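Data from run-v9.txt: compact mmCIF, C-alpha atoms and all ligand atoms
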# COMPACT_ATOMS: atom_id res chain seq x y z
CA MET A 2 74.03 160.50 177.72
CA THR A 3 74.73 163.28 180.26
CA GLU A 4 77.31 162.95 183.05
CA SER A 5 74.59 162.58 185.70
CA GLN A 6 73.02 159.53 184.05
CA PRO A 7 74.09 156.08 185.31
CA GLN A 8 76.33 154.06 183.00
CA THR A 9 74.55 151.16 181.29
CA TYR A 10 75.81 148.23 179.28
CA ALA A 11 73.64 149.15 176.31
CA GLU A 12 76.36 150.89 174.34
CA PRO A 13 79.09 148.24 174.68
CA ALA A 14 76.54 145.54 173.83
CA ALA A 15 75.57 147.42 170.69
CA ALA A 16 79.22 147.76 169.77
CA PHE A 17 79.78 144.00 170.13
CA GLU A 18 76.77 143.29 167.93
CA GLU A 19 78.54 145.13 165.13
CA LEU A 20 81.66 142.96 165.41
CA ASP A 21 81.87 140.32 162.70
CA VAL A 22 82.55 137.14 164.63
CA ASP A 23 82.88 135.23 161.35
CA ALA A 24 85.64 137.49 160.06
CA PRO A 25 88.36 135.63 158.13
CA VAL A 26 91.77 135.21 159.76
CA VAL A 27 93.65 134.11 156.63
CA GLY A 28 93.65 136.09 153.40
CA ILE A 29 94.26 134.05 150.24
CA VAL A 30 95.22 136.32 147.38
CA MET A 31 96.40 135.53 143.87
CA GLY A 32 97.55 137.44 140.85
CA SER A 33 95.01 136.19 138.33
CA LYS A 34 91.79 134.23 137.96
CA SER A 35 93.94 131.72 136.12
CA ASP A 36 95.58 130.94 139.50
CA LEU A 37 92.29 129.92 141.13
CA ALA A 38 92.48 126.22 140.31
CA ALA A 39 95.85 125.89 142.06
CA MET A 40 95.01 128.16 144.99
CA GLU A 41 91.70 126.49 145.87
CA ALA A 42 93.72 123.82 147.68
CA ALA A 43 94.67 126.39 150.30
CA GLU A 44 91.07 127.38 150.98
CA LYS A 45 90.01 123.72 151.12
CA GLU A 46 92.72 122.84 153.63
CA LEU A 47 91.88 125.82 155.86
CA THR A 48 88.16 125.06 155.73
CA GLU A 49 88.79 121.45 156.72
CA ARG A 50 90.74 122.72 159.71
CA GLY A 51 87.95 125.11 160.71
CA ILE A 52 90.00 128.20 159.87
CA ARG A 53 88.11 131.07 158.27
CA SER A 54 89.61 132.51 155.09
CA GLU A 55 88.76 134.83 152.25
CA VAL A 56 89.83 134.58 148.61
CA ARG A 57 90.73 137.64 146.49
CA VAL A 58 92.18 138.06 143.03
CA MET A 59 94.49 141.07 142.66
CA SER A 60 97.60 141.58 140.60
CA ALA A 61 100.68 143.34 141.95
CA HIS A 62 101.52 144.51 138.44
CA ARG A 63 98.09 145.20 136.98
CA GLU A 64 96.37 146.59 140.13
CA PRO A 65 99.17 147.83 142.42
CA ASP A 66 96.95 150.28 144.32
CA LYS A 67 94.37 147.60 145.09
CA VAL A 68 97.07 145.29 146.46
CA ALA A 69 98.57 148.05 148.61
CA GLU A 70 95.16 148.97 150.05
CA TYR A 71 94.32 145.34 150.82
CA ALA A 72 97.64 144.76 152.57
CA ARG A 73 97.50 147.99 154.56
CA ASN A 74 94.01 147.18 155.89
CA ALA A 75 94.61 143.47 156.47
CA ARG A 76 95.57 143.54 160.16
CA MET A 77 92.83 146.03 161.04
CA ARG A 78 90.28 143.74 159.34
CA GLY A 79 91.33 140.83 161.57
CA LEU A 80 93.54 138.91 159.16
CA ARG A 81 96.56 137.27 160.82
CA VAL A 82 98.27 135.48 157.94
CA ILE A 83 98.24 136.14 154.21
CA ILE A 84 98.80 133.46 151.59
CA ALA A 85 99.75 134.98 148.25
CA GLY A 86 100.05 132.94 145.07
CA ALA A 87 101.37 134.19 141.76
CA GLY A 88 103.14 132.99 138.67
CA LEU A 89 105.74 134.39 136.26
CA SER A 90 107.44 137.45 137.80
CA ALA A 91 105.57 136.76 141.02
CA ALA A 92 105.67 140.10 142.83
CA LEU A 93 102.41 139.72 144.75
CA PRO A 94 103.71 138.12 147.99
CA GLY A 95 106.54 140.62 148.24
CA VAL A 96 104.35 143.62 147.57
CA VAL A 97 101.86 142.46 150.20
CA ALA A 98 104.74 142.01 152.67
CA ALA A 99 105.96 145.51 151.84
CA HIS A 100 102.63 147.02 152.86
CA CYS A 101 101.85 145.08 156.05
CA ASP A 102 103.59 143.39 158.96
CA LEU A 103 101.62 140.13 158.91
CA PRO A 104 103.33 136.85 158.00
CA VAL A 105 103.07 136.34 154.23
CA ILE A 106 103.38 132.89 152.69
CA GLY A 107 104.11 132.91 148.99
CA VAL A 108 102.99 130.19 146.63
CA PRO A 109 104.97 130.13 143.37
CA LEU A 110 102.63 129.03 140.61
CA THR A 111 103.09 127.58 137.17
CA SER A 112 101.16 129.23 134.39
CA ARG A 113 100.75 128.98 130.64
CA THR A 114 103.99 130.85 129.92
CA SER A 115 106.08 129.79 132.94
CA VAL A 116 109.81 129.37 132.48
CA ALA A 117 111.56 126.24 133.79
CA GLY A 118 108.45 124.77 135.40
CA GLY A 119 107.77 127.72 137.69
CA LEU A 120 111.36 128.49 138.63
CA ASP A 121 110.68 132.10 137.58
CA ALA A 122 107.98 132.50 140.24
CA LEU A 123 109.93 130.51 142.83
CA LEU A 124 112.93 132.84 142.57
CA SER A 125 110.74 135.95 142.44
CA ILE A 126 109.14 134.98 145.75
CA THR A 127 112.20 133.77 147.63
CA GLN A 128 114.67 136.45 146.57
CA MET A 129 113.27 139.21 148.75
CA PRO A 130 115.60 141.93 150.01
CA PRO A 131 116.73 141.73 153.66
CA GLY A 132 114.15 143.05 156.11
CA VAL A 133 111.08 142.21 154.03
CA PRO A 134 110.63 138.46 154.41
CA VAL A 135 108.19 136.22 152.57
CA GLY A 136 107.80 132.55 153.40
CA CYS A 137 107.70 130.26 150.41
CA VAL A 138 106.27 126.79 149.79
CA GLY A 139 106.86 124.53 146.82
CA VAL A 140 105.71 125.30 143.29
CA ASP A 141 101.92 124.91 143.01
CA ASN A 142 101.78 123.67 146.62
CA ALA A 143 99.01 125.90 147.96
CA ARG A 144 97.98 123.19 150.39
CA ASN A 145 101.29 123.47 152.20
CA ALA A 146 100.78 127.22 152.50
CA ALA A 147 97.54 126.53 154.34
CA VAL A 148 99.17 123.98 156.63
CA LEU A 149 101.91 126.49 157.43
CA ALA A 150 99.33 129.22 158.06
CA ALA A 151 97.53 126.90 160.48
CA ARG A 152 100.80 126.30 162.35
CA ILE A 153 101.49 130.05 162.53
CA LEU A 154 98.01 130.64 163.94
CA ALA A 155 98.54 127.90 166.53
CA ALA A 156 102.01 129.09 167.60
C1 LIG B 201 100.72 136.26 137.18
O1 LIG B 201 100.75 136.01 135.83
C2 LIG B 201 99.52 135.55 137.69
O2 LIG B 201 99.68 135.22 139.04
C3 LIG B 201 99.42 134.33 136.82
O3 LIG B 201 100.03 133.20 137.43
C4 LIG B 201 100.22 134.74 135.58
C5 LIG B 201 99.38 134.77 134.33
O4 LIG B 201 98.26 135.61 134.53
P1 LIG B 201 97.13 135.70 133.42
O5 LIG B 201 97.77 136.22 132.16
O6 LIG B 201 96.58 134.30 133.22
O7 LIG B 201 96.09 136.63 133.98
O8 LIG B 201 100.65 137.63 137.44
Could I get this structure in the form of structure tokens?
Amino acid sequence: MTESQPQTYAEPAAAFEELDVDAPVVGIVMGSKSDLAAMEAAEKELTERGIRSEVRVMSAHREPDKVAEYARNARMRGLRVIIAGAGLSAALPGVVAAHCDLPVIGVPLTSRTSVAGGLDALLSITQMPPGVPVGCVGVDNARNAAVLAARILAA
């Protein structure tokens, strides 16, 4: 378009068509496929509340670059809260929180080789250094993470 041509609404309309109105607002991530059974409760709760979410498996220890990239792009992609579940030395919620400024809710999970019924993951998630907070729900309580995410979105 040259400067002499009248402005039309064609271009903004085209831009809006490209926007994904169904984009998820909550990211549900977990350290392993073995966490899926426990973490599905979060997706179910969000779906029942009409809140769009996406589910991703990525390990803070096995795929650190993938986790960092996901967290760094999360806000730009429209996500507003991230729920991160992991077991054992559960670094995932903290690593996500280190790479983005969205609220992160950690879900400590039990797994095949958990110590003390998931206390290992619980402490890994709650004992974050000052300035890099991660919320934490009860062990294996992914549903509560979803309820808390819903409250954050409604605040
Ligand atoms: C953690 O290690 C995962 O979140 C999972 O809870 C646990 C075991 O993972 P897998 O060996 O089953 O993949 O990182």
Near region 79-86 of chain A, counting only C-alpha atoms, which residues have an atom at most 9 Å away, once you skip same-chain residues fewer than 4 positions from it, shown as a ChimeraX atom specification? /A:24-32,36,39-40,43,54,72,74-75,91,93-95,97-98,103-110,141,143,146-147,150-151,153-154
Collect all residues with atoms no farther than 9 Å from ligand LIG 201 (chain B), counting only C-alpha atoms and all ligand atoms, and output them as a PyMOL selection string. chain A and resi 31-36+58-63+86-93+109-115+122
Would you mind telling me which residue in A:Val135, A:Met129, A:Ile52, A:Leu120 lies nearest to Arg152 (chain A) when using only C-alpha atoms?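 Counting only C-alpha atoms, the residue closest to Arg152 (chain A) is A:Ile52.
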For Glu44 (chain A), the nearest of the candidates A:Asn145, A:Asp23, A:Leu124, A:Gly119, counting all atoms listed in the file: A:Asn145
Interatomic distance, CA of Met77 (chain A) to CA of Arg53 (chain A) (Å, one decimal):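 Atom-to-atom, CA of Met77 (chain A) to CA of Arg53 (chain A), that is 15.9 Å.
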What gap, in Å, lies between CA of Lys45 (chain A) and CA of Arg144 (chain A)?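 Separation between CA of Lys45 (chain A) and CA of Arg144 (chain A): 8.0 Å.
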Hey, can you check how far CA of Leu37 (chain A) sits from CA of Glu55 (chain A)?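 Separating CA of Leu37 (chain A) from CA of Glu55 (chain A) is a distance of 12.7 Å.
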Some atoms are absent from region 54-78 of chain A, so rebuild N, CA, C and O atoms and return them as a short mmCIF file (atom, residue, chain, number, x, y, z; two decimals), keeping the file's coordinate frame.
data_model
loop_
_atom_site.label_atom_id
_atom_site.label_comp_id
_atom_site.auth_asym_id
_atom_site.auth_seq_id
_atom_site.Cartn_x
_atom_site.Cartn_y
_atom_site.Cartn_z
N SER A 54 88.74 131.82 156.05
CA SER A 54 89.61 132.51 155.09
C SER A 54 88.76 133.27 154.08
O SER A 54 87.55 133.08 154.00
N GLU A 55 89.43 134.14 153.35
CA GLU A 55 88.76 134.83 152.25
C GLU A 55 89.66 134.72 151.03
O GLU A 55 90.89 134.61 151.15
N VAL A 56 89.07 134.73 149.85
CA VAL A 56 89.83 134.58 148.61
C VAL A 56 89.65 135.84 147.77
O VAL A 56 88.53 136.31 147.56
N ARG A 57 90.76 136.42 147.32
CA ARG A 57 90.73 137.64 146.49
C ARG A 57 91.70 137.50 145.32
O ARG A 57 92.79 136.96 145.48
N VAL A 58 91.29 138.01 144.18
CA VAL A 58 92.18 138.06 143.03
C VAL A 58 92.63 139.50 142.85
O VAL A 58 91.81 140.42 142.75
N MET A 59 93.95 139.71 142.85
CA MET A 59 94.49 141.07 142.66
C MET A 59 95.94 140.94 142.19
O MET A 59 96.71 140.15 142.72
N SER A 60 96.27 141.70 141.19
CA SER A 60 97.60 141.58 140.60
C SER A 60 98.51 142.72 141.06
O SER A 60 98.14 143.89 140.99
N ALA A 61 99.71 142.33 141.51
CA ALA A 61 100.68 143.34 141.95
C ALA A 61 101.10 144.25 140.80
O ALA A 61 101.42 145.42 141.02
N HIS A 62 101.08 143.72 139.59
CA HIS A 62 101.52 144.51 138.44
C HIS A 62 100.36 145.25 137.77
O HIS A 62 100.51 146.38 137.32
N ARG A 63 99.21 144.60 137.70
CA ARG A 63 98.09 145.20 136.98
C ARG A 63 97.22 146.09 137.88
O ARG A 63 96.54 146.99 137.40
N GLU A 64 97.21 145.81 139.18
CA GLU A 64 96.37 146.59 140.13
C GLU A 64 97.18 146.90 141.38
O GLU A 64 96.79 146.50 142.49
N PRO A 65 98.29 147.62 141.25
CA PRO A 65 99.17 147.83 142.42
C PRO A 65 98.49 148.57 143.57
O PRO A 65 98.75 148.28 144.74
N ASP A 66 97.62 149.52 143.25
CA ASP A 66 96.95 150.28 144.32
C ASP A 66 96.00 149.39 145.12
O ASP A 66 95.90 149.51 146.34
N LYS A 67 95.31 148.51 144.42
CA LYS A 67 94.37 147.60 145.09
C LYS A 67 95.12 146.67 146.05
O LYS A 67 94.68 146.43 147.18
N VAL A 68 96.27 146.18 145.62
CA VAL A 68 97.07 145.29 146.46
C VAL A 68 97.57 146.04 147.70
O VAL A 68 97.49 145.54 148.82
N ALA A 69 98.05 147.25 147.49
CA ALA A 69 98.57 148.05 148.61
C ALA A 69 97.45 148.32 149.63
O ALA A 69 97.66 148.19 150.84
N GLU A 70 96.28 148.68 149.15
CA GLU A 70 95.16 148.97 150.05
C GLU A 70 94.75 147.73 150.85
O GLU A 70 94.52 147.78 152.06
N TYR A 71 94.69 146.59 150.15
CA TYR A 71 94.32 145.34 150.82
C TYR A 71 95.32 145.02 151.93
O TYR A 71 94.94 144.70 153.06
N ALA A 72 96.61 145.11 151.60
CA ALA A 72 97.64 144.76 152.57
C ALA A 72 97.64 145.72 153.75
O ALA A 72 97.78 145.30 154.91
N ARG A 73 97.47 147.00 153.48
CA ARG A 73 97.50 147.99 154.56
C ARG A 73 96.34 147.83 155.53
O ARG A 73 96.45 148.14 156.71
N ASN A 74 95.20 147.35 155.05
CA ASN A 74 94.01 147.18 155.89
C ASN A 74 93.90 145.79 156.50
O ASN A 74 93.01 145.55 157.32
N ALA A 75 94.77 144.88 156.11
CA ALA A 75 94.61 143.47 156.47
C ALA A 75 94.56 143.25 157.99
O ALA A 75 93.65 142.59 158.50
N ARG A 76 95.53 143.77 158.70
CA ARG A 76 95.57 143.54 160.16
C ARG A 76 94.34 144.14 160.83
O ARG A 76 93.72 143.51 161.69
N MET A 77 93.99 145.35 160.43
CA MET A 77 92.83 146.03 161.04
C MET A 77 91.54 145.23 160.79
O MET A 77 90.65 145.22 161.64
N ARG A 78 91.47 144.52 159.66
CA ARG A 78 90.28 143.74 159.34
C ARG A 78 90.25 142.39 160.05
O ARG A 78 89.30 141.63 159.93
#
